[in-house]
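Everything below belongs to coords11.cif, which stores mmCIF, C-alpha atoms.
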data_protein
loop_
_atom_site.group_PDB
_atom_site.id
_atom_site.type_symbol
_atom_site.label_atom_id
_atom_site.label_comp_id
_atom_site.auth_asym_id
_atom_site.auth_seq_id
_atom_site.Cartn_x
_atom_site.Cartn_y
_atom_site.Cartn_z
ATOM 1 C CA MET A 1 75.064 97.433 110.164
ATOM 2 C CA PRO A 2 76.560 98.745 113.445
ATOM 3 C CA ARG A 3 80.200 97.905 114.068
ATOM 4 C CA THR A 4 79.570 95.445 116.886
ATOM 5 C CA ARG A 5 76.944 93.601 114.831
ATOM 6 C CA HIS A 6 79.325 93.516 111.861
ATOM 7 C CA THR A 7 82.012 91.878 113.981
ATOM 8 C CA ALA A 8 79.555 89.334 115.362
ATOM 9 C CA ALA A 9 78.195 88.515 111.923
ATOM 10 C CA PHE A 10 81.626 87.948 110.468
ATOM 11 C CA ALA A 11 82.488 85.673 113.385
ATOM 12 C CA LEU A 12 79.373 83.598 112.751
ATOM 13 C CA ILE A 13 80.383 82.769 109.196
ATOM 14 C CA THR A 14 84.007 81.912 109.864
ATOM 15 C CA ALA A 15 84.881 78.292 110.299
ATOM 16 C CA VAL A 16 87.858 78.896 112.529
ATOM 17 C CA ALA A 17 88.369 80.907 115.681
ATOM 18 C CA LEU A 18 90.414 84.005 114.904
ATOM 19 C CA THR A 19 92.431 85.398 117.777
ATOM 20 C CA LEU A 20 92.634 89.129 117.184
ATOM 21 C CA THR A 21 94.732 91.355 119.381
ATOM 22 C CA SER A 22 95.643 95.013 119.163
ATOM 23 C CA CYS A 23 99.214 94.512 120.337
ATOM 24 C CA GLY A 24 101.972 91.946 120.125
ATOM 25 C CA SER A 25 103.180 90.184 117.003
ATOM 26 C CA ALA A 26 101.732 87.398 114.935
ATOM 27 C CA ASP A 27 102.999 87.375 111.366
ATOM 28 C CA PRO A 28 102.532 83.834 110.036
ATOM 29 C CA ALA A 29 104.388 82.840 106.910
ATOM 30 C CA PRO A 30 102.009 83.280 103.977
ATOM 31 C CA ALA A 31 100.727 80.059 102.479
ATOM 32 C CA GLY A 32 100.339 79.336 98.788
ATOM 33 C CA GLY A 33 102.854 81.727 97.269
ATOM 34 C CA GLY A 34 102.128 84.807 99.342
ATOM 35 C CA ARG A 35 98.443 84.184 99.979
ATOM 36 C CA PRO A 36 96.819 84.265 103.415
ATOM 37 C CA ALA A 37 97.413 81.337 105.729
ATOM 38 C CA ALA A 38 94.879 78.524 105.679
ATOM 39 C CA PRO A 39 92.710 77.818 108.709
ATOM 40 C CA GLY A 40 94.735 76.680 111.655
ATOM 41 C CA GLU A 41 98.016 78.039 110.296
ATOM 42 C CA GLY A 42 97.922 81.220 112.360
ATOM 43 C CA ARG A 43 95.832 84.132 113.465
ATOM 44 C CA LEU A 44 95.509 87.450 111.715
ATOM 45 C CA PRO A 45 98.804 89.340 111.737
ATOM 46 C CA THR A 46 99.343 92.281 114.068
ATOM 47 C CA THR A 47 102.997 93.013 113.324
ATOM 48 C CA ASP A 48 103.767 96.736 113.287
ATOM 49 C CA VAL A 49 105.214 97.486 109.855
ATOM 50 C CA VAL A 50 104.394 101.199 109.806
ATOM 51 C CA SER A 51 105.829 103.036 112.824
ATOM 52 C CA ALA A 52 109.404 102.896 111.493
ATOM 53 C CA VAL A 53 108.511 104.913 108.371
ATOM 54 C CA ARG A 54 110.310 108.247 108.310
ATOM 55 C CA LYS A 55 109.228 111.468 106.660
ATOM 56 C CA ASP A 56 110.318 111.826 103.043
ATOM 57 C CA GLU A 57 111.105 115.517 102.711
ATOM 58 C CA ALA A 58 110.957 115.492 98.911
ATOM 59 C CA ALA A 59 107.488 113.928 98.931
ATOM 60 C CA ALA A 60 106.278 116.224 101.715
ATOM 61 C CA LYS A 61 107.309 119.315 99.737
ATOM 62 C CA LEU A 62 104.815 118.299 97.042
ATOM 63 C CA LEU A 63 101.901 118.791 99.438
ATOM 64 C CA PRO A 64 99.816 121.949 99.007
ATOM 65 C CA PRO A 65 100.834 124.769 101.411
ATOM 66 C CA ASP A 66 97.577 124.580 103.370
ATOM 67 C CA VAL A 67 98.094 120.874 104.086
ATOM 68 C CA ARG A 68 101.692 121.421 105.138
ATOM 69 C CA ALA A 69 100.468 124.158 107.478
ATOM 70 C CA SER A 70 97.682 122.093 109.050
ATOM 71 C CA GLY A 71 99.724 118.881 109.165
ATOM 72 C CA ALA A 72 96.604 116.742 108.701
ATOM 73 C CA LEU A 73 94.485 115.059 106.044
ATOM 74 C CA THR A 74 90.941 113.709 106.358
ATOM 75 C CA LEU A 75 90.630 110.145 105.085
ATOM 76 C CA ALA A 76 87.431 108.153 104.589
ATOM 77 C CA THR A 77 87.838 104.390 104.655
ATOM 78 C CA SER A 78 85.455 101.564 103.948
ATOM 79 C CA VAL A 79 85.708 98.745 106.485
ATOM 80 C CA GLY A 80 84.645 95.331 105.236
ATOM 81 C CA ALA A 81 86.703 92.192 105.782
ATOM 82 C CA PRO A 82 90.334 91.005 105.819
ATOM 83 C CA PRO A 83 92.797 91.503 104.321
ATOM 84 C CA GLY A 84 91.776 94.977 103.092
ATOM 85 C CA ALA A 85 90.139 96.629 106.099
ATOM 86 C CA PHE A 86 88.214 95.191 109.034
ATOM 87 C CA TYR A 87 87.550 95.787 112.730
ATOM 88 C CA LEU A 88 89.493 94.151 115.492
ATOM 89 C CA GLU A 89 87.456 92.258 118.062
ATOM 90 C CA ASP A 90 86.764 95.458 119.997
ATOM 91 C CA GLY A 91 84.469 96.495 117.143
ATOM 92 C CA ARG A 92 86.098 99.932 116.952
ATOM 93 C CA THR A 93 89.718 99.603 115.820
ATOM 94 C CA PRO A 94 90.249 99.257 112.056
ATOM 95 C CA ALA A 95 93.085 97.092 110.756
ATOM 96 C CA GLY A 96 94.179 95.639 107.427
ATOM 97 C CA ALA A 97 96.321 96.351 104.393
ATOM 98 C CA ASP A 98 94.446 99.538 103.458
ATOM 99 C CA ILE A 99 94.929 100.867 106.985
ATOM 100 C CA ASP A 100 98.656 100.120 106.926
ATOM 101 C CA PHE A 101 99.167 101.666 103.484
ATOM 102 C CA ALA A 102 97.364 104.874 104.444
ATOM 103 C CA ASP A 103 99.245 105.167 107.735
ATOM 104 C CA ALA A 104 102.594 104.517 106.039
ATOM 105 C CA VAL A 105 101.929 107.151 103.375
ATOM 106 C CA GLY A 106 100.861 109.609 106.063
ATOM 107 C CA ARG A 107 104.141 109.073 107.903
ATOM 108 C CA ALA A 108 106.135 109.456 104.680
ATOM 109 C CA LEU A 109 104.371 112.777 104.075
ATOM 110 C CA GLY A 110 104.743 113.887 107.685
ATOM 111 C CA VAL A 111 101.006 114.449 108.148
ATOM 112 C CA ARG A 112 98.422 113.156 110.584
ATOM 113 C CA ILE A 113 95.763 110.935 109.031
ATOM 114 C CA GLU A 114 92.356 111.770 110.489
ATOM 115 C CA ARG A 115 90.402 108.639 109.616
ATOM 116 C CA GLU A 116 86.634 108.335 109.427
ATOM 117 C CA VAL A 117 84.824 105.133 108.526
ATOM 118 C CA ALA A 118 82.209 105.491 105.781
ATOM 119 C CA SER A 119 80.231 103.123 103.601
ATOM 120 C CA PHE A 120 81.916 102.083 100.359
ATOM 121 C CA ASP A 121 79.254 103.592 98.102
ATOM 122 C CA ALA A 122 79.286 106.930 99.967
ATOM 123 C CA ILE A 123 83.015 107.672 99.784
ATOM 124 C CA LEU A 124 83.492 108.675 96.145
ATOM 125 C CA PRO A 125 80.559 111.146 96.131
ATOM 126 C CA ALA A 126 81.825 112.571 99.436
ATOM 127 C CA LEU A 127 85.265 113.147 97.900
ATOM 128 C CA SER A 128 83.733 115.040 95.002
ATOM 129 C CA SER A 129 81.803 117.237 97.424
ATOM 130 C CA GLY A 130 84.961 118.042 99.386
ATOM 131 C CA LYS A 131 83.935 116.288 102.596
ATOM 132 C CA TYR A 132 87.164 114.255 102.680
ATOM 133 C CA ASP A 133 90.648 114.740 101.247
ATOM 134 C CA VAL A 134 91.242 111.094 100.331
ATOM 135 C CA GLY A 135 89.449 107.759 100.386
ATOM 136 C CA THR A 136 90.392 104.083 100.593
ATOM 137 C CA GLY A 137 88.277 100.984 100.106
ATOM 138 C CA ASN A 138 89.925 98.847 97.425
ATOM 139 C CA PHE A 139 88.760 101.313 94.786
ATOM 140 C CA GLY A 140 89.525 99.857 91.377
ATOM 141 C CA VAL A 141 90.695 102.327 88.758
ATOM 142 C CA THR A 142 88.178 102.313 85.915
ATOM 143 C CA ASP A 143 87.783 104.680 82.988
ATOM 144 C CA GLU A 144 84.283 105.584 84.184
ATOM 145 C CA ARG A 145 85.512 106.507 87.664
ATOM 146 C CA ARG A 146 88.428 108.496 86.231
ATOM 147 C CA GLU A 147 85.926 110.933 84.737
ATOM 148 C CA THR A 148 85.106 112.271 88.212
ATOM 149 C CA ILE A 149 87.816 110.878 90.521
ATOM 150 C CA ASP A 150 91.617 110.985 90.571
ATOM 151 C CA PHE A 151 93.586 107.968 91.763
ATOM 152 C CA VAL A 152 97.076 107.229 93.025
ATOM 153 C CA THR A 153 97.727 103.503 92.635
ATOM 154 C CA TYR A 154 99.259 101.348 95.349
ATOM 155 C CA ILE A 155 98.272 97.729 94.572
ATOM 156 C CA ASN A 156 96.826 95.594 91.814
ATOM 157 C CA ASP A 157 93.795 93.495 92.733
ATOM 158 C CA GLY A 158 90.664 92.979 90.683
ATOM 159 C CA GLN A 159 87.574 90.855 90.162
ATOM 160 C CA GLY A 160 87.070 87.190 90.975
ATOM 161 C CA PHE A 161 84.525 84.589 92.041
ATOM 162 C CA ALA A 162 83.922 82.201 94.935
ATOM 163 C CA VAL A 163 81.344 79.434 95.349
ATOM 164 C CA ARG A 164 80.296 76.668 97.721
ATOM 165 C CA GLN A 165 82.207 73.424 97.425
ATOM 166 C CA ASP A 166 79.178 71.701 95.891
ATOM 167 C CA SER A 167 78.887 74.201 93.043
ATOM 168 C CA PRO A 168 79.221 72.758 89.509
ATOM 169 C CA LEU A 169 81.095 75.910 88.454
ATOM 170 C CA LYS A 170 84.775 75.288 87.813
ATOM 171 C CA LYS A 171 85.905 78.556 86.230
ATOM 172 C CA VAL A 172 84.107 81.666 85.004
ATOM 173 C CA THR A 173 85.709 83.068 81.865
ATOM 174 C CA ASP A 174 82.512 84.568 80.451
ATOM 175 C CA LEU A 175 79.625 86.076 82.435
ATOM 176 C CA THR A 176 77.104 84.076 80.406
ATOM 177 C CA GLN A 177 78.274 81.091 82.461
ATOM 178 C CA LEU A 178 76.346 82.724 85.325
ATOM 179 C CA CYS A 179 73.014 82.734 83.466
ATOM 180 C CA GLY A 180 70.212 81.448 85.664
ATOM 181 C CA LEU A 181 72.249 81.829 88.870
ATOM 182 C CA THR A 182 72.080 84.332 91.719
ATOM 183 C CA VAL A 183 75.234 86.421 92.154
ATOM 184 C CA ALA A 184 76.006 88.235 95.410
ATOM 185 C CA THR A 185 78.258 91.290 95.395
ATOM 186 C CA GLY A 186 78.905 94.617 97.102
ATOM 187 C CA ALA A 187 76.663 97.608 96.503
ATOM 188 C CA GLY A 188 78.219 100.436 94.482
ATOM 189 C CA THR A 189 81.196 98.353 93.345
ATOM 190 C CA THR A 190 82.798 97.687 89.976
ATOM 191 C CA PHE A 191 81.445 94.142 90.355
ATOM 192 C CA GLU A 192 77.865 95.397 90.408
ATOM 193 C CA VAL A 193 78.532 97.592 87.368
ATOM 194 C CA THR A 194 80.151 94.731 85.423
ATOM 195 C CA LEU A 195 77.325 92.342 86.231
ATOM 196 C CA GLU A 196 74.542 94.793 85.341
ATOM 197 C CA GLU A 197 76.216 95.893 82.112
ATOM 198 C CA ASN A 198 76.463 92.289 80.897
ATOM 199 C CA ARG A 199 73.191 90.901 82.221
ATOM 200 C CA HIS A 200 71.428 91.367 78.875
ATOM 201 C CA ARG A 201 73.751 88.866 77.228
ATOM 202 C CA CYS A 202 71.906 85.955 78.849
ATOM 203 C CA ALA A 203 68.599 86.950 77.234
ATOM 204 C CA GLU A 204 70.359 87.482 73.902
ATOM 205 C CA ALA A 205 71.662 83.930 74.176
ATOM 206 C CA GLY A 206 68.139 82.675 74.907
ATOM 207 C CA ARG A 207 68.941 81.919 78.532
ATOM 208 C CA LYS A 208 67.519 83.075 81.851
ATOM 209 C CA PRO A 209 69.411 86.159 83.083
ATOM 210 C CA TYR A 210 71.387 85.879 86.294
ATOM 211 C CA GLU A 211 70.063 87.733 89.324
ATOM 212 C CA VAL A 212 72.306 90.288 91.013
ATOM 213 C CA ARG A 213 71.920 90.705 94.775
ATOM 214 C CA THR A 214 73.875 93.566 96.305
ATOM 215 C CA TYR A 215 74.809 94.031 99.943
ATOM 216 C CA ALA A 216 76.380 96.949 101.782
ATOM 217 C CA ASP A 217 77.938 94.595 104.337
ATOM 218 C CA GLN A 218 80.553 91.948 103.525
ATOM 219 C CA ALA A 219 79.316 89.543 106.177
ATOM 220 C CA ALA A 220 75.862 89.541 104.572
ATOM 221 C CA ILE A 221 77.386 88.527 101.247
ATOM 222 C CA TRP A 222 78.997 85.433 102.728
ATOM 223 C CA ILE A 223 75.939 84.522 104.770
ATOM 224 C CA SER A 224 73.845 84.617 101.587
ATOM 225 C CA LEU A 225 76.261 82.183 99.926
ATOM 226 C CA GLN A 226 76.484 79.859 102.927
ATOM 227 C CA GLN A 227 72.699 79.744 103.303
ATOM 228 C CA GLY A 228 72.115 79.082 99.605
ATOM 229 C CA ARG A 229 70.389 82.370 98.839
ATOM 230 C CA SER A 230 73.212 83.104 96.401
ATOM 231 C CA ASP A 231 75.070 80.717 94.108
ATOM 232 C CA VAL A 232 78.275 82.668 93.588
ATOM 233 C CA VAL A 233 80.068 85.699 95.034
ATOM 234 C CA MET A 234 81.855 88.259 92.880
ATOM 235 C CA SER A 235 84.328 90.393 94.808
ATOM 236 C CA THR A 236 87.990 91.356 95.127
ATOM 237 C CA ILE A 237 90.566 88.698 94.344
ATOM 238 C CA ASN A 238 92.448 89.217 97.596
ATOM 239 C CA GLY A 239 89.294 89.342 99.696
ATOM 240 C CA LEU A 240 87.920 86.150 98.162
ATOM 241 C CA ARG A 241 91.147 84.237 98.588
ATOM 242 C CA TYR A 242 91.299 85.198 102.222
ATOM 243 C CA ALA A 243 87.622 84.560 102.979
ATOM 244 C CA VAL A 244 87.548 81.002 101.631
ATOM 245 C CA THR A 245 90.457 80.042 103.897
ATOM 246 C CA GLN A 246 88.383 81.106 106.891
ATOM 247 C CA GLN A 247 85.087 79.414 106.028
ATOM 248 C CA GLU A 248 84.407 75.718 105.524
ATOM 249 C CA GLY A 249 82.656 74.546 102.402
ATOM 250 C CA LEU A 250 83.729 77.397 100.127
ATOM 251 C CA ARG A 251 86.308 77.662 97.389
ATOM 252 C CA PHE A 252 87.913 80.417 95.348
ATOM 253 C CA LEU A 253 86.915 79.939 91.734
ATOM 254 C CA ASN A 254 89.221 82.107 89.650
ATOM 255 C CA GLU A 255 90.424 85.572 88.790
ATOM 256 C CA PHE A 256 88.230 87.270 86.210
ATOM 257 C CA LYS A 257 89.814 90.667 85.638
ATOM 258 C CA ARG A 258 92.741 92.534 87.164
ATOM 259 C CA LEU A 259 92.422 96.203 88.151
ATOM 260 C CA ASP A 260 94.791 98.754 89.596
ATOM 261 C CA VAL A 261 93.648 99.934 93.026
ATOM 262 C CA GLY A 262 94.336 103.419 94.316
ATOM 263 C CA PHE A 263 93.868 106.131 96.879
ATOM 264 C CA ALA A 264 90.868 108.122 95.653
ATOM 265 C CA PHE A 265 90.601 111.933 95.450
ATOM 266 C CA ARG A 266 88.288 114.538 93.997
ATOM 267 C CA LYS A 267 89.026 115.327 90.371
ATOM 268 C CA GLY A 268 91.879 117.774 89.914
ATOM 269 C CA THR A 269 93.304 117.265 93.401
ATOM 270 C CA PRO A 270 96.704 118.836 94.104
ATOM 271 C CA LEU A 271 97.433 115.954 96.509
ATOM 272 C CA ALA A 272 98.080 113.300 93.859
ATOM 273 C CA PRO A 273 101.798 114.039 93.158
ATOM 274 C CA ALA A 274 102.628 113.960 96.878
ATOM 275 C CA PHE A 275 100.798 110.665 97.421
ATOM 276 C CA GLN A 276 102.461 109.136 94.369
ATOM 277 C CA ALA A 277 105.873 110.147 95.673
ATOM 278 C CA ALA A 278 105.019 108.783 99.132
ATOM 279 C CA VAL A 279 103.916 105.392 97.773
ATOM 280 C CA ASN A 280 107.129 105.143 95.775
ATOM 281 C CA SER A 281 109.066 106.191 98.890
ATOM 282 C CA ILE A 282 107.665 103.347 101.014
ATOM 283 C CA LYS A 283 108.425 100.997 98.139
ATOM 284 C CA ALA A 284 112.036 102.139 98.162
ATOM 285 C CA ASP A 285 112.501 101.720 101.923
ATOM 286 C CA GLY A 286 110.950 98.233 102.015
ATOM 287 C CA THR A 287 107.787 99.130 103.937
ATOM 288 C CA TYR A 288 105.602 98.407 100.935
ATOM 289 C CA ASP A 289 106.813 94.809 100.610
ATOM 290 C CA ARG A 290 106.489 94.281 104.361
ATOM 291 C CA ILE A 291 102.840 95.364 104.267
ATOM 292 C CA LEU A 292 102.077 92.995 101.392
ATOM 293 C CA LYS A 293 103.859 90.119 103.121
ATOM 294 C CA LYS A 294 102.064 90.808 106.395
ATOM 295 C CA TRP A 295 98.653 90.503 104.731
ATOM 296 C CA GLY A 296 99.559 87.704 102.318
ATOM 297 C CA THR A 297 98.993 89.779 99.191
ATOM 298 C CA THR A 298 102.421 89.826 97.566
ATOM 299 C CA GLU A 299 100.833 88.940 94.212
ATOM 300 C CA SER A 300 99.235 92.406 94.239
ATOM 301 C CA ALA A 301 102.511 94.341 94.139
ATOM 302 C CA ILE A 302 102.909 97.083 91.557
ATOM 303 C CA SER A 303 106.251 98.209 90.136
ATOM 304 C CA THR A 304 105.584 101.918 90.604
ATOM 305 C CA SER A 305 102.713 104.172 91.646
ATOM 306 C CA ARG A 306 100.842 106.003 88.901
ATOM 307 C CA ILE A 307 98.278 108.800 88.817
ATOM 308 C CA SER A 308 94.952 107.781 87.256
ATOM 309 C CA PRO A 309 96.284 105.261 84.730
ATOM 310 C CA PRO A 310 93.921 103.869 82.062
ATOM 311 C CA GLU A 311 91.779 100.929 83.101
ATOM 312 C CA ILE A 312 93.434 97.543 82.627
ATOM 313 C CA ARG A 313 91.758 95.813 79.677
#
Kindly present the structure from the file in structure tokens form.
Amino acid sequence: MPRTRHTAAFALITAVALTLTSCGSADPAPAGGGRPAAPGEGRLPTTDVVSAVRKDEAAAKLLPPDVRASGALTLATSVGAPPGAFYLEDGRTPAGADIDFADAVGRALGVRIEREVASFDAILPALSSGKYDVGTGNFGVTDERRETIDFVTYINDGQGFAVRQDSPLKKVTDLTQLCGLTVATGAGTTFEVTLEENRHRCAEAGRKPYEVRTYADQAAIWISLQQGRSDVVMSTINGLRYAVTQQEGLRFLNEFKRLDVGFAFRKGTPLAPAFQAAVNSIKADGTYDRILKKWGTTESAISTSRISPPEIR
């Protein structure tokens, strides 16, 4: 979906008018223990929490010589919906927590981030082929992905569910509770993998399997739920919590599984130690906590950045 259509579609499914600006300051106090503000409590934040970051010489020295010489890194980012990454109302300018984290790390390393927007399911293959140096898109660290991709963690998010208010579902602790329902999720995500890998369990239990509908565009996922073409959405915990505050008639169901989330690189990248040091640097100077507070995701803080840790079980 083109950027301008994406912006229009997201606006159609929101229940409140969001005032988005590319300058100024609007950093509402997070509601609900660090979660995004509820409708009417404030517009999306635009506070600058990145420009004050200074170069960390120790982290920068860990960069490969060719990167230090060029002073730039190519970064592919997936743009979906708040609070991770989305477009401002101009339909061209990306914003969100992933954007702030990448920009802050770039400043800590003293390099220019050359950002290109790409579809979520295209980024990891493009990293492996060498098209980009690094990718962001709320990429959960899984053992399967670690076979071909290296990660440097910066938050902890994971898998969860959302439904319409009239749904009989109260909490999903086992995927067999979804038997007979239609589940909407993002194409090429860990959610799709989890759902497909467990779909057979419904038939084994003598029940009708759930149907998995995948979408490349976040707005389409929510439209499918609002219009009754899907019964439940499986997506990121932070994204779900934010989305239900912006749309009437929906509710966050529950967390299902936590996952570390990281910057993604081709396997064997020499960039990982530098990025790890940079993430820990912005944690030490307070930028990290300011980014989380700005986007209402303080519950996703990690204690320290790690390189390709085992999947959380």
Closest-contact table, segment 65-135 of chain A side, partner segment 188-200 of chain A, 9 Å, counting only C-alpha atoms, as a Markdown table:
| residue | atom | partner | partner_atom | distance |
| --- | --- | --- | --- | --- |
| A:Phe120 | CA | A:Gly188 | CA | 7.1 |
| A:Asp121 | CA | A:Gly188 | CA | 4.9 |
| A:Ala122 | CA | A:Gly188 | CA | 8.6 |
Expected selection from the PyMOL selection byres ((chain A and resi 97-103) around 7), given as a PDB file with C-alpha atoms, keeping the file's coordinate frame:
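File written: part18.pdb
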ATOM      1  CA  VAL A  50     104.394 101.199 109.806  1.00  0.00           C
ATOM      2  CA  PRO A  83      92.797  91.503 104.321  1.00  0.00           C
ATOM      3  CA  GLY A  84      91.776  94.977 103.092  1.00  0.00           C
ATOM      4  CA  ALA A  85      90.139  96.629 106.099  1.00  0.00           C
ATOM      5  CA  ALA A  95      93.085  97.092 110.756  1.00  0.00           C
ATOM      6  CA  GLY A  96      94.179  95.639 107.427  1.00  0.00           C
ATOM      7  CA  ALA A 104     102.594 104.517 106.039  1.00  0.00           C
ATOM      8  CA  VAL A 105     101.929 107.151 103.375  1.00  0.00           C
ATOM      9  CA  GLY A 106     100.861 109.609 106.063  1.00  0.00           C
ATOM     10  CA  ARG A 107     104.141 109.073 107.903  1.00  0.00           C
ATOM     11  CA  ILE A 113      95.763 110.935 109.031  1.00  0.00           C
ATOM     12  CA  THR A 136      90.392 104.083 100.593  1.00  0.00           C
ATOM     13  CA  ILE A 291     102.840  95.364 104.267  1.00  0.00           C
ATOM     14  CA  TRP A 295      98.653  90.503 104.731  1.00  0.00           C
TER      15      TRP A 295
END
Q.
Taking only C-alpha atoms into account, name the residue in A:Arg251, A:Arg164, A:Lys267, A:Gln246 that is nearest to Ser230 of chain A.
A. A:Arg164
Q | Residue members of the PyMOL selection byres ((chain A and resi 68) around 12) in the file shown, as a PyMOL selection string | A | chain A and resi 57+59-67+69-73+106+109-112+271+274
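Here atom CA of Thr142 of chain A is placed at a distance of 9.7 Å from atom CA of Arg313 of chain A.
A straight line drawn from atom CA of Glu211 of chain A to atom CA of Asp174 of chain A is 15.6 Å long.
The shortest atom-to-atom distance to Cys179 of chain A, with only C-alpha atoms taken into account, belongs to A:Gly206 out of A:Asn156, A:Lys283, A:Gly206, A:Ile237.
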**Q.** Nearby residues (all atoms listed in the file) at most 8 Å from Ala76 of chain A, same-chain spacing under 6 positions excluded, as a VMD selection string
**A.** chain A and resid 115 to 118 123 132 134 to 136
(Q) Under the PyMOL selection byres ((chain A and resi 259) around 8), which residues of this model are included? Write them out as an MDAnalysis selection string. (A) chainID A and resid 140:142 156:159 257:258 260:261 311:312
Convert the current residue selection to file output with C-alpha atoms, as a tab-separated table (two decimals), keeping the file's coordinate frame.
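Saved result, out-v1.tsv, follows:
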chain	number	residue	atom	x	y	z
A	140	GLY	CA	89.52	99.86	91.38
A	141	VAL	CA	90.70	102.33	88.76
A	142	THR	CA	88.18	102.31	85.92
A	156	ASN	CA	96.83	95.59	91.81
A	157	ASP	CA	93.80	93.50	92.73
A	158	GLY	CA	90.66	92.98	90.68
A	159	GLN	CA	87.57	90.86	90.16
A	257	LYS	CA	89.81	90.67	85.64
A	258	ARG	CA	92.74	92.53	87.16
A	260	ASP	CA	94.79	98.75	89.60
A	261	VAL	CA	93.65	99.93	93.03
A	311	GLU	CA	91.78	100.93	83.10
A	312	ILE	CA	93.43	97.54	82.63
